[in-house]
Each structure stands twice: as structure tokens, then as C-alpha cells.
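Right, one structure below, let's go through it.
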2 protein chains.
Amino acid sequence: MKKNYLLTPGPTPLPPQVCEALARPIIHHRTPQFQAILKEAVEGLKYVFQTKSDVFILSSSGTGAMEAAVANLLSSGDTAITVEGGKFGERWTELCSAYGVHTEVIKVEWAKAVKAEEIEAKLKATKARAVFVTLCETSTGVTTDIKSIAEVIKDSEAVLVVDAISGLGVIDLKTDQWGVDVVISGSQKGLMLPPGLGFISVSQKAWKLIEAGKSPRYYFDLRTCKKAWEQTDTPFTTSVSLVVALNAALKMLKEEGLENVFKRCSKLAQAVRKAAKALGLELFADGSCASDALTAINVPAGIDGEKLVKAMRDNYGVTIAGGQAQLKGKTFRIATMGYLNEFDIILALSCLEKVLYQMGYKFELGIGVQAAQEVFLK
Amino acid sequence: MKKNYLLTPGPTPLPPQVCEALARPIIHHRTPQFQAILKEAVEGLKYVFQTKSDVFILSSSGTGAMEAAVANLLSSGDTAITVEGGKFGERWTELCSAYGVHTEVIKVEWAKAVKAEEIEAKLKATKARAVFVTLCETSTGVTTDIKSIAEVIKDSEAVLVVDAISGLGVIDLKTDQWGVDVVISGSQKGLMLPPGLGFISVSQKAWKLIEAGKSPRYYFDLRTCKKAWEQTDTPFTTSVSLVVALNAALKMLKEEGLENVFKRCSKLAQAVRKAAKALGLELFADGSCASDALTAINVPAGIDGEKLVKAMRDNYGVTIAGGQAQLKGKTFRIATMGYLNEFDIILALSCLEKVLYQMGYKFELGIGVQAAQEVFLK
């Protein structure tokens, strides 16, 4: 009997409450009944986004919300600063290019995080209207220190846009307190939903750029979103079932409490890191910026990384992620966000050990699991 | 005990098979398991779209797929022909305007359909690269004769783009046989799913425009979709649960057979029209172009149309749609597409009669239901 366990950095597993909500009969989106649901969803999102600003729900993946940020804030000929320290940082550059926005790119070694000083310097040297950063790089498992970056941007003309697709509801991000203008996210990570919803928060400073923006936009036009929201509505038919399920997930996050969620994810990630070290495996991300959302681990010499991931999935039903882009075959990634607890991590590690053992990697069986158990006992 | 019945022209009710599929544990989107699901979905969509061309699944509402058509086919400064005979025809004009595309608008009385000769004449007078039409206007219940329009466009330089959001899997649309270049649709109508997926089919003729297109696009870039599809993949994380549910819905459509689905919807719509006439109510759409997807009925003199719809919904759980835009309060709309059969129509009509009676409208109780029963007995 093979059972399936999902430990990929998106999608993350669905809680039974979410599955139940998804299976409910559909309701019409322009009824008082759905308006109440939408209102509850937006209020819950504001709690998770730690903001009092507008938060909009888009029927798209997180990338759609990223495009909404670029298309609304910037016009062709504008300059923006992007940070490329992984595949998703590169996406900001690609998006800007698609809209004719000139990018000043800060290249960062894939295992490291950008420093606030680098952004400060670039900001002084250019007339950037926006700075695009990634809270947690899903391709590398690196977390960026948003607080210090917000600090250096706050008094400039530029707005700070954070891709928090893999970080929202996992890692602390004090949107209002730190002064982050735009935060975008998606449904299939910390929010424990299927993919299909994008979210975006918009500060007053960002609204000024949006109102002046000249890029073509319709489906992702935030001005239309704002106007519709005045009537507790969305501009186009929203993904009703996912919004209903969103409330089930938000309820769980509220009950656990955001601070406790952060602590849980942090402990899970710590356990993965300790286990990897105990197994003699190297962590990909620099220790100073290791993410609590997921951990990228280097495939040890002599082991085929792609075969490792396939064997865990196909032979034992434990799905983790392989390396992305230039890291294909070189790393594997274990998620520690969403509907996961300590025992999910233990089982994933025991499966990892089993397959590593079968593939001829030399280590003391159980040593990784034990290291994780020790973390969880504390 | 109030039970809920949904007869709105999108979303339409979900079959239990779809609800069950939505509630399944999530799987990762980049696995052989999901690739097989994606392949099955695209093959099933080709059956429903009646095409051998590419069909792409977008994580968006139908409007997102409409934007994909405009942003990929046209560039700023191009000319397109749009047909405004309702709210959704106007959306094509709005979308073109957002992308700097000049529109030659054919205005059509809201109860009527555009004629092929009107399009032919406009096509001769302009250098339009694309003609945008609406298969079934959800705001009016009017169906457009796509076959005759395709005939006059076929040998021109222009491509024909059909918004079949409310018509796909409801009304016959022979994409390849008639020569329709681009068909767009959404998940929440004839396809019996929650909203959240957009679909688009693309002919060879359309690909030439897409490859030459200069509009900014990223999330909806069909070139990226095509490239990803070569690896049985999507460019961005797709709405996994909705795609899984799509296969459940497509299986039902295949088992019933597309021709039988069309016949069923046609009979349901005929019953609604006959019932309305028996009740002394006027149909909004001209008899020559009445849609089989939904029927718009004029609110009789002395009755408050908005109160009628509210009373049916709030007092009895039967949700139909009111009039849209300029028809607000003047019409109400009953859907006859998706997971609906004769008894759903009978119950909706009996509720309509009950509320009309309570509101003081004079008619012989049961006469509408009886007229529908007669249609279904044939």
C-alpha cells in the first residue's frame, strides 16, 4: 500500500477543512452570501499580510499577481531595480522587460541574499521607480531581509515590491510596520490552498504610481479591482470555490496565530537542516539566509539527484522537489511551510534516508531522523 | 428547510463527480502523474472545442483568456472589428482599447445578433487584423451565427476570434470545420466547473499574428504556453485541482456525447421560452437568435424585477440572474446550460410562478410549468 505525502515548496498539502470547502456546491458570485465570504477573505488576508492597506484577490497564479504589480506600477521607459539570486528573482526582470521597463539588475550568488546596502547604492545611482525583491527564493531556499531593505527605500521616490509567494504565512513580513508598498503572494504555499489565486497588497505610495501608470492592463488592472471592491465585488468572475476554501485556511491560520505559524515553520526547517548536517549533507543556502519555508540540500557526490527524487516519489509516495534551472540534479528541496508538522518532516527524512541508503550513500541509518527528533523535543 | 438551486448563467451547478474531484488531495504539477492529467484535459478540450489546433488552459477567468487573445494577436495601432450587442461584446472593445488597438465597432440592438453581411462590409472598409464576436451574449441571451461569419472572414487577412465563454459545450461551434481561428472559453458554464480556468484555441493563421505581435504580455503569453506544452507542461503553476475536476467534467460530456448535450440544452431552453409565453411574459431576445444557453425574459409591467429575483433566491433558494447593465431590473435570466436537466427547469419555473403570483402578477397558476412539461414529453 503506497500512501502519498507532499513536501514540495508549492503546492503544499491541503488540510481536510480546505478539501471539504472545495467540495461544497457552488454559489453565485454576485449575491450577499458571497459578498460576506469575500469580505471575510479580504479581512483574513489583511491579518496574514500584516497590513491595513488594500488587498486584492486575483484569479491567477502568483505570477499573475507579479504581472499585476509590474503592469500597474510601471510604464514603458521607466527604470526598476531587480535582484537576481534565483529563478523567481529573474522573473521580475523578465516581467519588466515584457513591459518595456529598463531594469538595473543586482546579481547575487544563488546561495546568498542581497544586502540592503547594495540596493541603497543602486537606488542612488539610478532613477528607479520600483525595487523588486523576493522574500523567499523557492529555487534556492534563501530568505531576504526585507526589513533592512525597506529601511533604505522608505524615504526615496521608489516603491518596494516583495514577491512573498513562498513566504507569506511562513516567515514574518511586517508589511505596514516595515513600510513595504506592494506584497504579492499565491494560494498554494503558506495559505494551504490549491494553486489558482494570486494576492496583492497596495500602499498609498503605490497607488500614486498605479494611477499614473500607462502600461496596457485590463484583467490585472488594480484600478478596476479597487472600484469593484467599493461594492464588495471583483471586476470579473472570481474563483468562487477557491475563495470559499481560502476562508477555511485563513480560519486555521488565525486559530494557530501568525506568530505560532512562524515558529512552527522555523522549527520544521531547523529540523531539516540539522538532519541534513547529521547525514553529512551540505545545505545549499548560506547559513546566514537559510529560509524557513523550504531547505535546498546539495546532492552528495556519487548520487544521481534526479533519481533520488524520483525514487522517493515513485517507490514510496514521498514527493519532494528536485533542483530548479541551473540546480537541476544538483540539489533537492524539502518544504517546511503550509499544512505540515513535525511528523511529516520525520517521515520525509526517514524516506530520504531509506533511498540514500539504497543508492549506496554511506551514513548511519537513523542519524538524520534522530537529529530532527532532538529539535522537536526542545 | 430551504434547499439551494442554481440556475444562473455562470457559475452553473457542479456535478457530484466534480465536487469529489475538487476535494482530492493535491498533487504536484510537475510530475508524470499530473502530466497525464493535463494531457487528458487538453485532449478532452479539443473534443469540446471541435478542433485539432492547440488548446491552452489558463489559470484565470474567461476574461483572462479574452485578454490573452487581444494581447497576443494585436499590437498598438492595429485595427480590429468588435460587435457590441451586449455587455460582453463591449468587453472586446474595452480590451482592444486597453492595448491601444483601434476598434471599428458594429453596434447591434441588444436583442439582436450581428449579421455576416455587416461584418463583411466593415471588413472591406477597414484593414482589420481581427474580428471579435460573441457566441452567446450572456447579458441578453442572444446567439450569433458564427458559421456564416466565419464564411465571410475565411479568405480575408483577418482572424476570427469567438468568445464562447457562455456557449462552449452548450451550442454547436464547429471550430475547424467552419474555420474559426481563436475560440476562448471559461470553466464555469457548459463545462460544469467552478470559475477559475480560461481556455483558448489557436489556429495556424492566428499563430502568424501571435508571433508578430508586439503587445506586452507575460502571464498570458501564448508563445510561452506553446513552448511549455511541448514538454506537456504549463509555463506557470496551473490550477491543479480545477484541472483534475475538468477531467471529471469532460468525461461526463464525452459519455453524454456533444450532440446530445446540445440537444438537451436546446430542449431546456425551448421549455423556458414556451413557459414564458404561456405565462404571458415577453422574451427579451429576438426569436431568430434566442440562445440555448440562457433565456432573458422581460419583467412584466407592475413587477419589480430586482425584488422578483431576490424573493426567489432569499425566500426559496432558487437563484436565477437579474438583468445586467442597462437591463438591470428590466429582465431576468434563466440558464439552460451545464449540469441542468428537465426537472431543474420545472422546479425553477414553479418557483418563478409562485413568486410572480405572490407579487400580484395575473396568470393561471401552473400554466408555465405545464407548457414546459409538454416540451419535455415530446
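Identifiers in the C-alpha cells: chain A, B, ... in order shown; residue index from 1 per chain; ligand index from 1 in order shown.
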List every residue of chain B that has an atom at most 7 Å from any atom of chain A, and for each one report the closest atom pair and its distance in Å to one decimal, counting only C-alpha atoms, with rows sorted by chain and then by increasing residue number, as JSON lines.
```
{"residue": "B:Pro11", "atom": "CA", "partner": "A:His28", "partner_atom": "CA", "distance": 6.1}
{"residue": "B:Pro13", "atom": "CA", "partner": "A:Ile26", "partner_atom": "CA", "distance": 6.2}
{"residue": "B:Leu14", "atom": "CA", "partner": "A:Pro25", "partner_atom": "CA", "distance": 6.3}
{"residue": "B:Cys19", "atom": "CA", "partner": "A:Ala23", "partner_atom": "CA", "distance": 4.4}
{"residue": "B:Glu20", "atom": "CA", "partner": "A:Ala23", "partner_atom": "CA", "distance": 6.2}
{"residue": "B:Leu22", "atom": "CA", "partner": "A:Ala23", "partner_atom": "CA", "distance": 5.7}
{"residue": "B:Ala23", "atom": "CA", "partner": "A:Cys19", "partner_atom": "CA", "distance": 4.4}
{"residue": "B:Arg24", "atom": "CA", "partner": "A:Cys19", "partner_atom": "CA", "distance": 6.7}
{"residue": "B:Pro25", "atom": "CA", "partner": "A:Leu14", "partner_atom": "CA", "distance": 6.3}
{"residue": "B:Ile26", "atom": "CA", "partner": "A:Pro13", "partner_atom": "CA", "distance": 6.2}
{"residue": "B:His28", "atom": "CA", "partner": "A:Pro11", "partner_atom": "CA", "distance": 6.1}
{"residue": "B:Ser59", "atom": "CA", "partner": "A:Ser60", "partner_atom": "CA", "distance": 5.1}
{"residue": "B:Ser60", "atom": "CA", "partner": "A:Ser60", "partner_atom": "CA", "distance": 5.0}
{"residue": "B:Ser61", "atom": "CA", "partner": "A:Thr237", "partner_atom": "CA", "distance": 6.4}
{"residue": "B:Thr63", "atom": "CA", "partner": "A:Tyr219", "partner_atom": "CA", "distance": 6.7}
{"residue": "B:Gly64", "atom": "CA", "partner": "A:Tyr219", "partner_atom": "CA", "distance": 5.8}
{"residue": "B:Glu67", "atom": "CA", "partner": "A:Tyr219", "partner_atom": "CA", "distance": 6.9}
{"residue": "B:Leu95", "atom": "CA", "partner": "A:Tyr218", "partner_atom": "CA", "distance": 6.4}
{"residue": "B:Ala98", "atom": "CA", "partner": "A:Pro216", "partner_atom": "CA", "distance": 5.3}
{"residue": "B:Tyr99", "atom": "CA", "partner": "A:Pro216", "partner_atom": "CA", "distance": 5.1}
{"residue": "B:Pro194", "atom": "CA", "partner": "A:Ser241", "partner_atom": "CA", "distance": 6.2}
{"residue": "B:Pro195", "atom": "CA", "partner": "A:Ser239", "partner_atom": "CA", "distance": 4.8}
{"residue": "B:Gly196", "atom": "CA", "partner": "A:Ser239", "partner_atom": "CA", "distance": 4.7}
{"residue": "B:Pro216", "atom": "CA", "partner": "A:Tyr99", "partner_atom": "CA", "distance": 5.1}
{"residue": "B:Arg217", "atom": "CA", "partner": "A:Ala98", "partner_atom": "CA", "distance": 6.1}
{"residue": "B:Tyr218", "atom": "CA", "partner": "A:Leu95", "partner_atom": "CA", "distance": 6.4}
{"residue": "B:Tyr219", "atom": "CA", "partner": "A:Gly64", "partner_atom": "CA", "distance": 5.8}
{"residue": "B:Thr237", "atom": "CA", "partner": "A:Ser61", "partner_atom": "CA", "distance": 6.4}
{"residue": "B:Thr238", "atom": "CA", "partner": "A:Pro195", "partner_atom": "CA", "distance": 6.5}
{"residue": "B:Ser239", "atom": "CA", "partner": "A:Gly196", "partner_atom": "CA", "distance": 4.7}
{"residue": "B:Val240", "atom": "CA", "partner": "A:Pro195", "partner_atom": "CA", "distance": 6.4}
{"residue": "B:Ser241", "atom": "CA", "partner": "A:Pro194", "partner_atom": "CA", "distance": 6.2}
```
Practice problem: Excluding Ile346 in chain A and residues on its chain fewer than 4 positions from it, collect all residues at most 7 Å away from it, counting only C-alpha atoms, and give them as a list of chain:residue names. | Solution: A:Glu342, A:Ser350, A:Val369, A:Ala372
Write out, as a PDB file, in the first residue's frame, the residues just selected, with N, CA and C atoms.
```pdb
ATOM      1  N   GLU A 342       5.643  18.351  12.586  1.00  0.00           N
ATOM      2  CA  GLU A 342       6.901  17.640  12.824  1.00  0.00           C
ATOM      3  C   GLU A 342       6.911  16.214  12.282  1.00  0.00           C
ATOM      4  N   SER A 350      12.900  10.081   6.968  1.00  0.00           N
ATOM      5  CA  SER A 350      13.140   8.631   7.021  1.00  0.00           C
ATOM      6  C   SER A 350      13.105   8.054   5.607  1.00  0.00           C
ATOM      7  N   VAL A 369      17.033  11.350  11.155  1.00  0.00           N
ATOM      8  CA  VAL A 369      15.734  11.358  11.838  1.00  0.00           C
ATOM      9  C   VAL A 369      15.936  11.727  13.313  1.00  0.00           C
ATOM     10  N   ALA A 372      16.489  15.366  13.905  1.00  0.00           N
ATOM     11  CA  ALA A 372      15.221  16.099  13.804  1.00  0.00           C
ATOM     12  C   ALA A 372      14.391  15.912  15.070  1.00  0.00           C
TER      13      ALA A 372
END
```
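Relative to CA of Lys328 in chain A, CA of Tyr361 in chain A is found at 19.5 Å.
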Self-check item: Point-to-point distance from CA of Gly141 in chain B to CA of Phe199 in chain B, Å rounded to tenths
Solution: 21.5 Å
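Once range 201-209 of chain B and its same-chain neighbours fewer than 6 positions away are set aside, Phe49, Thr51, Ser53, Asp54, Val55, Phe56, Asn72, Leu73, Leu74, Val159, Val180, Asp181, Val182, Val183 and Ile184 of chain B remain within 8 Å of it when counting only C-alpha atoms.
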Store the residues picked out above, limited to N, CA and C atoms, as a compact mmCIF listing (two decimals), in the first residue's frame.
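What ended up in again30.txt:
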```txt
# COMPACT_ATOMS: atom_id res chain seq x y z
N PHE B 49 -14.03 21.64 -28.06
CA PHE B 49 -13.76 22.79 -28.95
C PHE B 49 -13.93 22.41 -30.43
N THR B 51 -11.80 20.92 -32.40
CA THR B 51 -10.61 21.40 -33.11
C THR B 51 -9.45 20.44 -32.96
N SER B 53 -6.46 22.02 -33.46
CA SER B 53 -5.44 23.03 -33.16
C SER B 53 -5.04 22.98 -31.69
N ASP B 54 -4.06 23.79 -31.34
CA ASP B 54 -3.65 23.90 -29.94
C ASP B 54 -4.79 24.44 -29.08
N VAL B 55 -4.97 23.87 -27.91
CA VAL B 55 -5.88 24.45 -26.91
C VAL B 55 -5.06 24.59 -25.62
N PHE B 56 -5.09 25.77 -25.04
CA PHE B 56 -4.33 26.02 -23.81
C PHE B 56 -5.26 26.29 -22.64
N ASN B 72 -2.06 38.87 -27.51
CA ASN B 72 -1.19 38.06 -28.36
C ASN B 72 -1.37 38.34 -29.84
N LEU B 73 -2.62 38.60 -30.26
CA LEU B 73 -2.89 38.75 -31.69
C LEU B 73 -2.59 40.14 -32.20
N LEU B 74 -2.74 41.15 -31.35
CA LEU B 74 -2.72 42.53 -31.83
C LEU B 74 -1.66 43.38 -31.16
N VAL B 159 -8.29 37.46 -38.67
CA VAL B 159 -8.63 36.24 -37.93
C VAL B 159 -9.97 36.45 -37.21
N VAL B 180 -12.93 28.81 -37.59
CA VAL B 180 -12.80 29.82 -36.53
C VAL B 180 -11.35 29.77 -36.03
N ASP B 181 -10.68 30.93 -35.99
CA ASP B 181 -9.26 30.93 -35.66
C ASP B 181 -8.97 30.80 -34.17
N VAL B 182 -9.69 31.57 -33.39
CA VAL B 182 -9.45 31.56 -31.95
C VAL B 182 -10.80 31.44 -31.23
N VAL B 183 -10.90 30.46 -30.36
CA VAL B 183 -12.10 30.31 -29.53
C VAL B 183 -11.64 30.42 -28.09
N ILE B 184 -12.32 31.27 -27.34
CA ILE B 184 -11.96 31.35 -25.92
C ILE B 184 -13.17 30.91 -25.08
```
Quiz prompt | Closest of B:Asn260, B:Val131, B:Met192, B:Lys124 to Leu246 in chain B - atom-to-atom distances counting only C-alpha atoms | solution = B:Met192
Practice problem: Return the single residue from B:Ala116, B:Ala111, B:Ala245, B:Ala128 that is closest to Thr143 in chain B, with distances computed using only C-alpha atoms. | Solution: B:Ala111
Quiz item: Do you have the CA of Glu117 in chain A-CA of Glu137 in chain A distance handy?
Solution: 19.5 Å
Exercise. Identify, with DSSP run on backbone atoms, the residues in range 268-378 of chain B assigned to alpha helix (DSSP H), and express the list as a PyMOL selection string.
Key: chain B and resi 268-278+305-316+342-358+367-377
Quiz item: Which polymer residues have any atom within 9 Å of an atom of Ile119 in chain B, counting only C-alpha atoms, with same-chain residues fewer than 4 positions away left out, as a PyMOL selection string?
Solution: chain B and resi 81+83+106+114-115+123-124+131+149+152-153
Atoms to include: N, CA and C atoms. Write the selected residues as an mmCIF file, in the first residue's frame.
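Result written to part04.cif:
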```
data_model
loop_
_atom_site.group_PDB
_atom_site.id
_atom_site.type_symbol
_atom_site.label_atom_id
_atom_site.label_comp_id
_atom_site.auth_asym_id
_atom_site.auth_seq_id
_atom_site.Cartn_x
_atom_site.Cartn_y
_atom_site.Cartn_z
ATOM 1 N N ILE B 81 -12.200 44.708 -35.518
ATOM 2 C CA ILE B 81 -13.653 44.902 -35.562
ATOM 3 C C ILE B 81 -14.259 44.239 -34.322
ATOM 4 N N VAL B 83 -18.061 43.763 -32.042
ATOM 5 C CA VAL B 83 -19.516 43.802 -32.196
ATOM 6 C C VAL B 83 -20.128 44.036 -30.825
ATOM 7 N N ILE B 106 -19.213 47.604 -34.504
ATOM 8 C CA ILE B 106 -20.546 47.400 -35.086
ATOM 9 C C ILE B 106 -21.532 47.367 -33.931
ATOM 10 N N VAL B 114 -25.603 40.165 -34.718
ATOM 11 C CA VAL B 114 -24.950 40.793 -35.864
ATOM 12 C C VAL B 114 -25.127 39.885 -37.090
ATOM 13 N N LYS B 115 -25.230 40.512 -38.262
ATOM 14 C CA LYS B 115 -25.350 39.712 -39.497
ATOM 15 C C LYS B 115 -23.992 39.616 -40.176
ATOM 16 N N LEU B 123 -15.345 44.758 -42.902
ATOM 17 C CA LEU B 123 -14.055 44.159 -43.233
ATOM 18 C C LEU B 123 -13.502 44.765 -44.522
ATOM 19 N N LYS B 124 -14.379 45.016 -45.472
ATOM 20 C CA LYS B 124 -13.953 45.608 -46.751
ATOM 21 C C LYS B 124 -13.532 47.060 -46.570
ATOM 22 N N VAL B 131 -11.412 40.039 -36.021
ATOM 23 C CA VAL B 131 -12.833 40.301 -35.789
ATOM 24 C C VAL B 131 -13.218 39.565 -34.510
ATOM 25 N N ILE B 149 -20.522 33.968 -40.314
ATOM 26 C CA ILE B 149 -19.490 34.997 -40.124
ATOM 27 C C ILE B 149 -18.115 34.444 -40.526
ATOM 28 N N VAL B 152 -17.496 34.604 -44.264
ATOM 29 C CA VAL B 152 -17.097 35.882 -44.902
ATOM 30 C C VAL B 152 -15.685 36.334 -44.485
ATOM 31 N N ILE B 153 -15.170 35.738 -43.419
ATOM 32 C CA ILE B 153 -13.834 36.151 -42.949
ATOM 33 C C ILE B 153 -12.736 35.238 -43.498
#
```
Practice problem: Using only C-alpha atoms, determine which residues lie at most 7 Å from Gly323 in chain B, disregarding the query and same-chain residues fewer than 6 positions distant; provide the list as a ChimeraX atom specification. | Solution: /B:329-333
Please produce a file of the residues just selected, as a JSON list (two decimals), in the first residue's frame, where the atoms kept are N, CA and C atoms.
```
[["chain", "number", "residue", "atom", "x", "y", "z"],
["B", 329, "GLY", "N", -33.05, 45.22, -13.60],
["B", 329, "GLY", "CA", -34.43, 45.41, -13.18],
["B", 329, "GLY", "C", -35.45, 45.21, -14.30],
["B", 330, "LYS", "N", -34.95, 45.13, -15.54],
["B", 330, "LYS", "CA", -35.85, 45.02, -16.69],
["B", 330, "LYS", "C", -36.00, 43.60, -17.23],
["B", 331, "THR", "N", -34.98, 42.78, -16.98],
["B", 331, "THR", "CA", -35.07, 41.38, -17.41],
["B", 331, "THR", "C", -34.63, 40.48, -16.26],
["B", 332, "PHE", "N", -34.96, 39.21, -16.39],
["B", 332, "PHE", "CA", -34.31, 38.21, -15.54],
["B", 332, "PHE", "C", -33.89, 37.06, -16.45],
["B", 333, "ARG", "N", -32.88, 36.31, -15.99],
["B", 333, "ARG", "CA", -32.27, 35.31, -16.88],
["B", 333, "ARG", "C", -32.21, 33.93, -16.22]]
```
Practice problem: Name all residues at most 7 Å from Ala164 in chain A (count only C-alpha atoms; drop same-chain ones fewer than 2 positions away) and give them as a PyMOL selection string. | Solution: chain A and resi 134-136+162+166-168+183-185
Quiz item: If you run DSSP on the backbone, which residues of range 145-334 of chain B are strand (DSSP E or B), as a ChimeraX atom specification?
Solution: /B:159-163,182-186,198-202,283,290,294-298,318-319,321-322,331-334
Exercise. Skip Gln326 in chain B itself and residues of its chain fewer than 4 positions away, then list as a PyMOL selection string all residues within 12 Å of it, counting only C-alpha atoms.
Key: chain B and resi 85-87+110+139-140+322+330-331
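Compared by their closest atoms to Lys122 in chain B, and using only C-alpha atoms, the residues B:Glu211, B:Asp163, B:Glu255, B:Ala80 rank with B:Ala80 nearest.
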